[in-house]
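Trainee: Next comes run_23.cif, mmCIF, C-alpha atoms:
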```cif
data_entry
#
loop_
_atom_site.label_atom_id
_atom_site.label_comp_id
_atom_site.auth_asym_id
_atom_site.auth_seq_id
_atom_site.Cartn_x
_atom_site.Cartn_y
_atom_site.Cartn_z
CA MET C 950 -30.29 -7.40 -6.00
CA ASN C 951 -30.84 -6.11 -2.44
CA GLU C 952 -29.22 -3.05 -0.91
CA SER C 953 -26.52 -5.07 0.88
CA SER C 954 -25.45 -6.75 -2.36
CA ILE C 955 -25.33 -3.38 -4.11
CA ARG C 956 -23.07 -1.96 -1.39
CA VAL C 957 -20.73 -4.95 -1.56
CA GLU C 958 -20.57 -4.68 -5.35
CA ASN C 959 -19.85 -0.95 -5.16
CA PHE C 960 -17.11 -1.64 -2.63
CA ARG C 961 -15.51 -4.20 -4.93
CA ARG C 962 -15.60 -1.75 -7.81
CA VAL C 963 -13.95 0.95 -5.71
CA GLU C 964 -11.33 -1.54 -4.57
CA PHE C 965 -10.60 -2.78 -8.09
CA TRP C 966 -10.37 0.65 -9.68
CA ALA C 967 -8.26 2.01 -6.83
CA THR C 968 -5.87 -0.91 -7.30
CA ALA C 969 -5.79 -0.60 -11.09
CA THR C 970 -5.34 3.19 -10.98
CA LEU C 971 -2.47 2.98 -8.52
CA PHE C 972 -0.77 0.26 -10.57
CA VAL C 973 -1.12 2.30 -13.78
CA PHE C 974 0.33 5.38 -12.08
CA ILE C 975 3.23 3.37 -10.65
CA LEU C 976 4.03 1.89 -14.06
CA PHE C 977 3.57 5.22 -15.82
CA PHE C 978 6.01 7.10 -13.62
CA PHE C 979 8.38 4.14 -13.45
CA ILE C 980 8.57 3.91 -17.25
CA THR C 981 8.61 7.65 -17.99
CA ASP C 982 11.52 8.11 -15.58
CA SER C 983 13.50 5.72 -17.75
CA VAL C 984 12.66 7.16 -21.18
CA GLY C 985 14.47 10.04 -22.82
CA ILE C 986 17.12 10.32 -20.12
CA ASP C 987 20.73 9.24 -20.22
CA ASN C 988 20.96 6.09 -18.11
CA SER C 989 24.10 7.37 -16.42
CA ASP C 990 22.05 10.21 -14.91
CA LEU C 991 19.59 7.81 -13.26
CA ASN C 992 20.21 6.78 -9.67
CA PRO C 993 18.07 3.78 -8.73
CA PRO C 994 18.34 2.70 -5.08
CA ASN C 995 20.61 -0.29 -5.76
CA LYS C 996 23.13 1.49 -7.99
CA ARG C 997 25.38 2.64 -5.16
CA PHE C 998 25.87 -0.94 -3.96
CA PHE C 999 27.31 -1.88 -7.36
CA LEU C 1000 29.62 1.13 -7.25
CA ASP C 1001 30.79 0.21 -3.75
CA VAL C 1002 32.18 -3.11 -5.02
CA ASN C 1003 33.44 -1.64 -8.32
CA MET C 1004 30.94 -3.66 -10.34
CA GLU C 1005 29.49 -2.45 -13.63
CA PHE C 1006 25.87 -1.35 -13.34
CA ASP C 1007 23.46 -1.52 -16.27
CA TYR C 1008 20.22 0.34 -15.60
CA PHE C 1009 17.93 -1.86 -17.67
CA ARG C 1010 19.51 -5.20 -16.80
CA ASN C 1011 20.17 -4.55 -13.12
CA TYR C 1012 17.11 -2.48 -12.25
CA PHE C 1013 14.42 -1.59 -14.80
CA LEU C 1014 13.50 -4.98 -16.28
CA PRO C 1015 13.72 -6.92 -12.98
CA GLN C 1016 11.68 -4.28 -11.17
CA LEU C 1017 9.09 -4.24 -13.96
CA ALA C 1018 8.75 -8.02 -13.65
CA ARG C 1019 8.28 -7.67 -9.89
CA TYR C 1020 5.56 -5.04 -10.29
CA ILE C 1021 3.66 -7.16 -12.80
CA THR C 1022 3.98 -10.23 -10.58
CA LEU C 1023 2.74 -8.35 -7.52
CA PHE C 1024 -0.23 -6.87 -9.34
CA SER C 1025 -1.23 -10.13 -11.03
CA CYS C 1026 -0.96 -12.21 -7.85
CA PHE C 1027 -2.85 -9.61 -5.83
CA LEU C 1028 -5.70 -9.43 -8.32
CA PHE C 1029 -6.03 -13.21 -8.58
CA LEU C 1030 -5.80 -13.85 -4.85
CA ASN C 1031 -7.88 -10.91 -3.70
CA PHE C 1032 -10.72 -11.11 -6.23
CA VAL C 1033 -10.85 -14.87 -6.97
CA ILE C 1034 -9.20 -17.10 -4.39
CA VAL C 1035 -9.87 -15.27 -1.11
CA PRO C 1036 -13.64 -14.82 -1.72
CA GLN C 1037 -13.93 -18.54 -2.43
CA MET C 1038 -11.99 -19.41 0.72
CA ILE C 1039 -14.16 -17.07 2.79
CA LYS C 1040 -17.19 -18.97 1.49
CA ARG C 1041 -15.34 -22.29 2.10
CA GLN C 1042 -15.55 -23.25 -1.54
CA GLN C 1043 -12.94 -25.70 -2.90
CA VAL C 1044 -10.72 -25.09 0.11
CA TYR C 1045 -8.01 -27.67 -0.67
CA ARG C 1046 -7.70 -26.55 -4.28
CA ASN C 1047 -7.41 -22.91 -3.26
CA VAL C 1048 -4.83 -23.69 -0.57
CA PHE C 1049 -2.78 -25.50 -3.22
CA ILE C 1050 -3.11 -22.50 -5.56
CA VAL C 1051 -1.94 -20.14 -2.81
CA ALA C 1052 1.08 -22.37 -2.15
CA ALA C 1053 1.81 -22.55 -5.89
CA LEU C 1054 1.61 -18.77 -6.23
CA LEU C 1055 3.90 -18.41 -3.23
CA GLY C 1056 6.42 -20.67 -4.94
CA LEU C 1057 6.06 -18.87 -8.27
CA ALA C 1058 6.53 -15.46 -6.64
CA THR C 1059 9.59 -16.78 -4.80
CA VAL C 1060 11.13 -17.96 -8.08
CA ILE C 1061 10.41 -14.66 -9.86
CA PHE C 1062 11.67 -12.54 -6.96
CA GLY C 1063 14.74 -14.76 -6.66
CA VAL C 1064 15.61 -14.66 -10.37
CA THR C 1065 15.14 -10.89 -10.59
CA ALA C 1066 17.21 -10.42 -7.42
CA THR C 1067 20.16 -12.17 -9.08
CA TYR C 1068 20.29 -9.09 -11.32
CA THR C 1069 19.29 -6.34 -8.88
CA ARG C 1070 21.53 -7.74 -6.11
CA ALA C 1071 24.39 -9.07 -8.20
CA TYR C 1072 26.71 -6.97 -6.02
CA ILE C 1073 26.49 -9.53 -3.18
CA PHE C 1074 28.22 -12.31 -5.14
CA PRO C 1075 31.76 -11.14 -4.21
CA ASP C 1076 30.81 -11.50 -0.53
CA TYR C 1077 30.36 -15.28 -0.83
CA ALA C 1078 32.89 -18.02 -1.42
CA THR C 1079 30.76 -19.76 -4.05
CA TYR C 1080 27.91 -18.86 -6.35
CA GLU C 1081 25.79 -21.53 -4.67
CA ASP C 1082 26.02 -19.71 -1.33
CA ALA C 1083 25.02 -16.42 -2.94
CA TYR C 1084 22.08 -18.02 -4.75
CA ALA C 1085 20.95 -19.69 -1.53
CA ARG C 1086 20.94 -16.33 0.26
CA ILE C 1087 19.09 -14.59 -2.59
CA PHE C 1088 16.36 -17.21 -2.89
CA LEU C 1089 15.94 -17.49 0.88
CA ASP C 1090 15.40 -13.73 1.03
CA ALA C 1091 12.96 -14.02 -1.89
CA PHE C 1092 10.99 -16.70 -0.04
CA LEU C 1093 10.87 -14.63 3.16
CA HIS C 1094 9.79 -11.59 1.15
CA SER C 1095 6.98 -13.60 -0.47
CA CYS C 1096 5.86 -14.82 2.96
CA ARG C 1097 5.80 -11.25 4.27
CA LEU C 1098 3.66 -10.19 1.34
CA LEU C 1099 1.28 -13.08 1.99
CA ILE C 1100 0.99 -12.02 5.64
CA LEU C 1101 0.31 -8.45 4.51
CA LEU C 1102 -2.43 -9.77 2.25
CA ALA C 1103 -3.93 -11.66 5.19
CA PHE C 1104 -4.01 -8.47 7.28
CA TYR C 1105 -5.48 -6.59 4.34
CA THR C 1106 -8.18 -9.25 3.93
CA VAL C 1107 -9.17 -8.91 7.58
CA LEU C 1108 -9.28 -5.13 7.21
CA LYS C 1109 -11.27 -5.34 3.98
CA TYR C 1110 -13.97 -7.66 5.25
CA THR C 1111 -14.22 -5.66 8.45
CA SER C 1112 -14.73 -2.58 6.29
CA VAL C 1113 -17.39 -4.40 4.24
CA TYR C 1114 -19.22 -5.28 7.44
CA VAL C 1115 -19.01 -1.67 8.59
CA LEU C 1116 -20.31 -0.38 5.25
CA LEU C 1117 -23.20 -2.85 5.28
CA HIS C 1118 -24.20 -1.65 8.74
CA SER C 1119 -23.22 1.99 8.26
CA ASP C 1120 -26.76 3.23 8.98
CA LYS C 1121 -26.82 1.57 12.40
CA ILE C 1122 -23.27 2.71 13.16
CA GLN C 1123 -24.03 6.29 12.12
CA ALA C 1124 -27.17 6.29 14.27
CA ARG C 1125 -25.09 5.28 17.27
CA TYR C 1126 -21.99 7.30 16.38
CA PRO C 1127 -23.09 10.43 14.46
CA ALA C 1128 -19.48 11.45 13.80
CA VAL C 1129 -18.97 8.39 11.62
CA THR C 1130 -20.34 9.05 8.12
CA ARG C 1131 -20.55 6.75 5.12
CA GLY C 1132 -18.32 9.07 3.11
CA GLY C 1133 -15.71 8.98 5.86
CA LEU C 1134 -15.85 5.18 5.98
CA ILE C 1135 -15.38 4.94 2.21
CA ALA C 1136 -12.46 7.38 2.38
CA PHE C 1137 -10.87 5.28 5.13
CA VAL C 1138 -11.27 2.09 3.09
CA VAL C 1139 -9.70 3.67 0.00
CA TRP C 1140 -6.85 5.00 2.15
CA ALA C 1141 -6.20 1.54 3.60
CA ILE C 1142 -6.22 -0.07 0.15
CA ILE C 1143 -3.71 2.40 -1.28
CA LEU C 1144 -1.52 2.23 1.85
CA PHE C 1145 -1.37 -1.55 1.52
CA LEU C 1146 -0.50 -1.36 -2.18
CA LEU C 1147 2.21 1.23 -1.52
CA ALA C 1148 3.70 -1.03 1.15
CA VAL C 1149 3.56 -4.05 -1.15
CA GLY C 1150 5.02 -2.03 -4.03
CA GLU C 1151 7.97 -1.04 -1.81
CA ALA C 1152 7.27 2.68 -2.08
CA ASP C 1153 9.78 5.11 -0.62
CA ALA C 1154 9.58 5.64 3.13
CA PRO C 1155 8.64 9.37 2.84
CA VAL C 1156 5.71 8.48 0.55
CA LEU C 1157 4.48 5.83 2.99
CA MET C 1158 4.81 8.20 5.92
CA LEU C 1159 2.97 11.03 4.18
CA TRP C 1160 0.16 8.80 2.96
CA GLY C 1161 -0.03 6.97 6.28
CA ILE C 1162 -0.28 10.17 8.34
CA ILE C 1163 -1.79 13.02 6.32
CA VAL C 1164 -4.80 11.16 4.90
CA PRO C 1165 -6.01 9.75 8.26
CA VAL C 1166 -5.63 13.22 9.76
CA GLY C 1167 -7.74 14.62 6.91
CA ILE C 1168 -10.43 11.98 7.46
CA ALA C 1169 -10.42 12.62 11.21
CA MET C 1170 -10.66 16.37 10.57
CA TYR C 1171 -13.60 15.76 8.23
CA TRP C 1172 -15.43 13.77 10.89
CA TYR C 1173 -14.59 16.23 13.67
CA SER C 1174 -15.69 19.23 11.60
CA PHE C 1175 -19.10 17.84 10.68
CA HIS C 1176 -19.79 16.43 14.13
CA THR C 1177 -18.41 19.17 16.37
CA LEU C 1178 -16.90 22.28 14.78
CA ILE C 1179 -19.67 23.13 12.29
CA PRO C 1180 -22.61 22.58 14.71
CA GLN C 1181 -20.85 24.68 17.37
CA SER C 1182 -20.23 27.51 14.90
CA LEU C 1183 -23.70 27.76 13.33
CA ASN C 1184 -25.26 29.78 16.15
CA SER C 1185 -22.55 32.45 16.25
CA ARG C 1186 -22.75 35.83 14.52
CA ARG C 1187 -19.97 34.90 12.11
CA PRO C 1188 -20.16 31.13 11.76
CA PHE C 1189 -17.64 30.80 8.93
CA LEU C 1190 -14.94 32.84 10.68
CA LEU C 1191 -15.48 30.97 13.93
CA TYR C 1192 -15.32 27.61 12.17
CA ALA C 1193 -12.23 28.62 10.17
CA GLY C 1194 -10.47 29.78 13.34
CA LYS C 1195 -11.25 26.58 15.22
CA ALA C 1196 -10.26 24.45 12.24
CA ILE C 1197 -6.94 26.26 11.81
CA LEU C 1198 -6.21 25.97 15.54
CA THR C 1199 -7.04 22.26 15.51
CA LEU C 1200 -4.83 21.66 12.47
CA ALA C 1201 -1.99 23.66 14.03
CA VAL C 1202 -2.06 21.65 17.25
CA THR C 1203 -2.33 18.38 15.32
CA SER C 1204 0.51 19.36 12.99
CA LEU C 1205 2.80 20.22 15.90
CA ALA C 1206 2.05 16.88 17.55
CA LEU C 1207 2.69 14.99 14.31
CA LEU C 1208 5.87 16.96 13.68
CA PHE C 1209 7.11 16.07 17.16
CA LEU C 1210 6.40 12.37 16.57
CA LEU C 1211 8.05 12.55 13.14
CA LEU C 1212 11.19 14.12 14.60
CA LEU C 1213 11.34 11.39 17.23
CA PHE C 1214 10.99 8.76 14.52
CA VAL C 1215 13.70 10.31 12.33
CA ARG C 1216 16.03 10.68 15.29
CA HIS C 1217 15.45 7.06 16.32
CA SER C 1218 16.04 5.89 12.73
#
```
Please render this file's structure as C-alpha cells.
Mentor:
Amino acid sequence: MNESSIRVENFRRVEFWATATLFVFILFFFITDSVGIDNSDLNPPNKRFFLDVNMEFDYFRNYFLPQLARYITLFSCFLFLNFVIVPQMIKRQQVYRNVFIVAALLGLATVIFGVTATYTRAYIFPDYATYEDAYARIFLDAFLHSCRLLILLAFYTVLKYTSVYVLLHSDKIQARYPAVTRGGLIAFVVWAIILFLLAVGEADAPVLMLWGIIVPVGIAMYWYSFHTLIPQSLNSRRPFLLYAGKAILTLAVTSLALLFLLLLFVRHS
C-alpha cells in the first residue's frame, strides 16, 4: 500500500469514527434526557404547537419514538450512501444500479419521515378540511426534506473529495503555502464533517452557529500563530509574553467582529 492509499484510508477512518461518535453522543443525550424525568416536565420543540390547538401531547408517541426513528434512518442512509454507494459512483461502477438505489433510499426516507411526521406534526390536522389534505401536505414536506438532505450530501461529497485531494497533495500545498499545515487541514475536514452531520441532524441553531464560527476561528488562529505570530515573537527578549499579547489582541479584534456580525444576524432574524 503506497503513501497515498494510506492517507485515503486514514481519512476514511477519521470520517467514519467522527460520524459514529457524533451519532452515539446524539443518541446518548437524546435518550438520557427522556429517562428518569417526568414527561410533563419535558419541553420538546413541537409540544407548544399541540398546546396551541388544545391537542393532547404524548412525549413518547409524538416526539421521542418518531425522532429516534428519524435519527436511525439518517445515520443508516448516510453510512450506506457515503461509504458504499458514492465511492462506487465516483469510480463509475454499476452506475444504473446505484442510481436506482439512491432513488429507492430517497423514497424510503420520504415514507419514514412522512409517517413519523404524522405523529410529530399531528397538530396540523385541524387546519385542513380532510385528512387526505393533511397527509398530502405532510408527505410533500417529507419528500422536500429528503431532497434537501440529498443535496446536502452532494455538497458534502464535493467537500470531502476536495479535502482528500488536498490531503494527498498536502506536502506540495504546504511548500507553496507554509501557513497551511496537515494538522490544520485534518482539523478543517473533521469540522466540516461534524457541521454537516449537525445540520442533517437538525441541531439547534445556537449549536450550529457556535460550531460553525468558533471552530474555524480556532483553526485560523492556529495557522496564523504558527506562520506569523510565533516566528515574529521568537527574536524578542520575552517571546512568550509578546506572543501572548499579540494572540490576545488578535482574538479580541476577531471576537468583536464576530459579535457584531452575530448581533446583525440576530436582529435580522
Trainee: If you apply the PyMOL selection byres ((chain C and resi 1044-1061) around 8) to this file, what residues do you get, as a list in words?
Mentor: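 Those residues are Ala1018, Arg1019, Thr1022, Cys1026, Leu1030, Ile1034, Gln1037, Met1038, Arg1041, Gln1042, Gln1043, Phe1062, Gly1063, Val1064, Thr1065, Phe1088, Ala1091, Phe1092, His1094, Ser1095, Cys1096 and Leu1099 of chain C.
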Trainee: Nearest residue to Leu1157 of chain C out of C:Val1138, C:Leu1213, C:Leu1117, C:Leu1144, using all atoms listed in the file?
Mentor: C:Leu1144
Trainee: Mind telling me what the PyMOL selection byres ((chain C and resi 1068) around 8) catches here, as a list of chain:residue names?
Mentor: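 Here the PyMOL selection byres ((chain C and resi 1068) around 8) matches C:Arg1010, C:Asn1011, C:Tyr1012, C:Pro1015, C:Val1064, C:Thr1065, C:Ala1066, C:Thr1067, C:Thr1069, C:Arg1070, C:Ala1071.
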Trainee: Go through C:Leu1178, C:Leu1014, C:Ile1073, C:Val1035 and flag the residue nearest Val1002 of chain C, using all atoms listed in the file for the distances.
Mentor: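 Closest candidate: C:Ile1073.
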Trainee: From the options C:Tyr1114, C:Glu958, C:Ala1196, C:Phe965, which residue's atoms come nearest to Val1139 of chain C, counting all atoms listed in the file?
Mentor: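 Of C:Tyr1114, C:Glu958, C:Ala1196, C:Phe965, the one nearest Val1139 of chain C is C:Phe965, counting all atoms listed in the file.
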Trainee: Which residue out of C:Phe1032, C:Trp1160, C:Phe1006, C:Thr981 has the minimum interatomic distance to Arg962 of chain C when only C-alpha atoms are used?
Mentor: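 Among C:Phe1032, C:Trp1160, C:Phe1006, C:Thr981, it is C:Phe1032 that comes nearest to Arg962 of chain C.
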Trainee: Between C:Met1170, C:Leu971, C:Ala1124, C:Val1107, which one has atoms that come closest to Ile1039 of chain C, using all atoms listed in the file?
Mentor: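 Ranked by minimum distance to Ile1039 of chain C, first place goes to C:Val1107.
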Trainee: At a cut-off of 12 Å, using only C-alpha atoms, what residues contact Val1166 of chain C? Leave out same-chain residues fewer than 4 positions from it and give the result as a list in words.
Mentor: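 After dropping sequence-adjacent residues, the list is Gly1133, Ala1136, Phe1137, Trp1140, Leu1159, Trp1160, Gly1161, Ile1162, Met1170, Tyr1171, Trp1172, Tyr1173, Ser1174, Thr1199, Leu1200, Ala1201, Val1202, Thr1203, Ser1204, Ala1206 and Leu1207 of chain C.
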Trainee: Report the centre and edge lengths, in Å to one decimal, of an axis-aligned box enclosing every atom of segment 1046-1057 of chain C listed in the file, padded by 3 Å on each side, as JSON.
Mentor:
```
{"center_x": -0.6, "center_y": -22.5, "center_z": -4.4, "size_x": 20.1, "size_y": 14.1, "size_z": 13.7}
```
